[in-house]
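Read through the structure below, which is laid out as structure tokens, and then see the notes.
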Amino acid sequence: MNKLDPQLATKPTDQLVVEDLHLQYGDNPILKGVSMTLNPGEVVALLGASGSGKTTLLRSVAGLEQPSRGKISIGQAVLYDSEAGVDMAVEKRNLGLVFQSYALWPHRSVFDNVAYSLRLRGIAVSEIGQRVDQALTNLGLGALAKRLPHQLSGGQQQRVAIARALVYNPPVVLMDEPLSNLDAKLREEARAWLRELIVRLGLSALVVTHDQTEAMAMSDKILLLNFGKIEQQGTPEDMYNQPQTQFTAEFMGSNNHLPGKVTQVVDGRALLEGEGWQLWGAVRGALKIGDAATGIIRLERTRIADGDGDNRLRTEVVTGMFLGDRKEQLFKLGALRLRCYGHLPAGSRASFIELPPDDLWIFANEAG
Ligand SMILES: Nc1ncnc2c1ncn2[C@@H]1O[C@H](COP(=O)(O)OP(=O)(O)OP(=O)(O)O)[C@@H](O)[C@H]1O
Ligand SMILES: [Mg+2]
């Protein structure tokens with residue numbers, strides 16, 4: 001049996017709650033009041049640009065960093081509480097950790113790498129054998145138990161790191177860019193099996209990534225960090241289709257950008273004007289006449305049109321790129337560059353492009 005204090009041991013029905021977490025390195029604030037929840041059985045992707053604080057947040061939950069304020073709990077167990085002076089030791093937090101670098105022990109076999117955390121917990125040898133075999137089988141590593149890490153491919157090493165984190169059935173698994181060392185093709189396959197594995201084992205997982213497609217593919221909920229603050233959180237569909245801020249809109253897809261000025265606002269629509277063009281779009285956030293603003297539209301919502309019409313622009317064809325499953329076209333109009341998917345008649349020099357007003361989101365530029 002487990003050596004852990006049973007009162008501290010968490011159950012898979014427990015929810016991870018982070019409340020108003022602050023952390024700074026010296027005078028430099030890194031986490032600026034992060035609050036989030038991870039429900040049992042849920043996969044939450046922690047998304048954000050490099051340096052936004054993803055690893056810092058994950059390590060704070062794991063107990064590897066020292067926050068300055070806030071609270072972290074899993075069910076009844078308080079892991080950290082600045083007011084109550086609680087800061088539970090890493091090993092007592094009972095979390096599964098997968099680091100970006102894998103951090104496998106080079107001189108231990110695959111089996112021993114995975115068995116280590118069970119031995120630490122004083123589990124009987126026979127049970128260790130059984131559980132390690134099960135974890136290796138789950139991850140398709142059954143035949144590799146005796147190998148050393150350097151005898152494995154990158155993808156196999158990464159699976160060993162995941163097996164090691166999952167072997168003692170932690171209620172919450174924390175993964176920092178678990179797929180980042182894989183090449184693009186392998187990575188796309190890995191995100192599907194990793195999600196399937198987490199769901200099949202009934203785990204809750206907080207998974208860090210800086211890749212929006214990976215975040216959407218893997219998670220039930222996305223948390224977008226922007227310089228130590230949560231910009232927006234929601235389902236992948238919400239984040240993609242209903243961004244509340246320009247930052248979220250830009251982060252969650254491939255977009256065209258149209259910088260301009262607002263000249264009319266009517267019933268949730270605004271007219272955005274730039275040099276040689278004007279377009280109606282959907283007002284996002286607060287917007288008034290005279291504001292400098294940016295129109296954002298997803299590439300897949302921008303269409304090649306067969307003639308003039310509402311919310312269409314006449315553009316010059318710059319170039320076309322063959323992408324295998326589709327073609328991407330680049331157009332220009334003055335200083336504007338616009339991209340969209342689709343085909344043009346051979347030799348086209350000019351084309352109309354349609355930007356449907358509901359899909360063209362207009363955000364006021366932030367002052368300053
Ligand atoms: N030990 C440290 N001392 C001082 N500053 C640090 C330390 N660790 C991280 N930082 C700073 O904290 C900020 C957040 O770092 P963090 O590693 O959490 O970012 P990240 O979102 O994980 O980025 P990436 O996608 O590049 O991994 C960065 O500005 C980083 O320079
Ligand atoms: Mg990081």
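Within each chain, counting starts at residue 1; across the structure tokens, chains are named A, B, ... in the order shown, with ligands numbered 1 upward in that order.
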
Between chain A and ligand 2, at 9 Å or less, what are the per-residue closest atom pairs and their distances in Å? Count only C-alpha atoms and all ligand atoms, order by chain and rising residue number, and return it as a tab-separated table.
residue	atom	partner	partner_atom_place_in_ligand_line	distance
A:Ser50	CA	ligand 2	1 (Mg)	6.8
A:Gly51	CA	ligand 2	1 (Mg)	7.0
A:Ser52	CA	ligand 2	1 (Mg)	8.3
A:Gly53	CA	ligand 2	1 (Mg)	7.1
A:Lys54	CA	ligand 2	1 (Mg)	5.6
A:Thr55	CA	ligand 2	1 (Mg)	4.1
A:Thr56	CA	ligand 2	1 (Mg)	7.3
A:Leu58	CA	ligand 2	1 (Mg)	8.9
A:Gln100	CA	ligand 2	1 (Mg)	8.0
A:Asp176	CA	ligand 2	1 (Mg)	6.8
A:Glu177	CA	ligand 2	1 (Mg)	7.3
A:Val208	CA	ligand 2	1 (Mg)	7.6
A:Thr209	CA	ligand 2	1 (Mg)	8.1
A:His210	CA	ligand 2	1 (Mg)	8.5

**Message:** Residues of stretch 106-277 of chain A classed as alpha helix (DSSP H) by DSSP on the backbone are to be reported as a VMD selection string.
**Reply:** chain A and resid 110 to 120 125 to 138 154 to 166 184 to 200 212 to 218 236 to 241 246 to 251

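Proximity to ligand 1 was assessed for A:Leu313, A:Ala367, A:Cys340, A:Leu224 counting only C-alpha atoms and all ligand atoms; the smallest distance is recorded for A:Leu224.
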
**Message:** I'd like the neighbourhood of A:Val172 as a ChimeraX atom specification, where a residue qualifies if any of its atoms comes within 8 Å (using only C-alpha atoms), though same-chain residues fewer than 2 positions away should be ignored.
**Reply:** /A:12,16,95-96,170,174,203-206

Mind writing the picked residues with N, CA and C atoms as a PDB file, in the first residue's frame?
ATOM      1  N   PRO A  12      -9.603  10.507  -7.614  1.00  0.00           N
ATOM      2  CA  PRO A  12      -9.855  10.971  -8.973  1.00  0.00           C
ATOM      3  C   PRO A  12     -11.101  11.843  -9.091  1.00  0.00           C
ATOM      4  N   LEU A  16      -8.920  20.243  -9.063  1.00  0.00           N
ATOM      5  CA  LEU A  16      -7.770  21.120  -8.799  1.00  0.00           C
ATOM      6  C   LEU A  16      -8.243  22.569  -8.928  1.00  0.00           C
ATOM      7  N   LEU A  95       1.269  14.270  -7.558  1.00  0.00           N
ATOM      8  CA  LEU A  95       0.912  14.633  -8.932  1.00  0.00           C
ATOM      9  C   LEU A  95       1.836  13.923  -9.912  1.00  0.00           C
ATOM     10  N   GLY A  96       1.331  13.575 -11.059  1.00  0.00           N
ATOM     11  CA  GLY A  96       2.176  13.006 -12.108  1.00  0.00           C
ATOM     12  C   GLY A  96       2.793  14.132 -12.917  1.00  0.00           C
ATOM     13  N   PRO A 170      -1.854   8.977 -10.460  1.00  0.00           N
ATOM     14  CA  PRO A 170      -2.080  10.262  -9.809  1.00  0.00           C
ATOM     15  C   PRO A 170      -3.411  10.825 -10.302  1.00  0.00           C
ATOM     16  N   LEU A 174       0.429  16.643 -14.664  1.00  0.00           N
ATOM     17  CA  LEU A 174       0.889  17.927 -15.190  1.00  0.00           C
ATOM     18  C   LEU A 174       1.913  17.650 -16.282  1.00  0.00           C
ATOM     19  N   LEU A 203      -8.083  10.225 -16.172  1.00  0.00           N
ATOM     20  CA  LEU A 203      -7.228  11.169 -15.455  1.00  0.00           C
ATOM     21  C   LEU A 203      -7.672  12.603 -15.709  1.00  0.00           C
ATOM     22  N   SER A 204      -7.191  13.496 -14.874  1.00  0.00           N
ATOM     23  CA  SER A 204      -7.316  14.923 -15.167  1.00  0.00           C
ATOM     24  C   SER A 204      -5.923  15.390 -15.542  1.00  0.00           C
ATOM     25  N   ALA A 205      -5.830  16.193 -16.568  1.00  0.00           N
ATOM     26  CA  ALA A 205      -4.500  16.603 -17.005  1.00  0.00           C
ATOM     27  C   ALA A 205      -4.459  18.098 -17.313  1.00  0.00           C
ATOM     28  N   LEU A 206      -3.372  18.707 -16.883  1.00  0.00           N
ATOM     29  CA  LEU A 206      -3.078  20.090 -17.246  1.00  0.00           C
ATOM     30  C   LEU A 206      -1.874  20.010 -18.184  1.00  0.00           C
TER      31      LEU A 206
END

**Message:** Please report the interatomic distance between atom CA of A:Leu355 and atom CA of A:Thr213 in Å with one decimal.
**Reply:** 23.3 Å

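Nearest residue to A:Pro243 among A:Pro149, A:Gly285, A:Pro171, A:Gly41 is A:Gly285, counting only C-alpha atoms.
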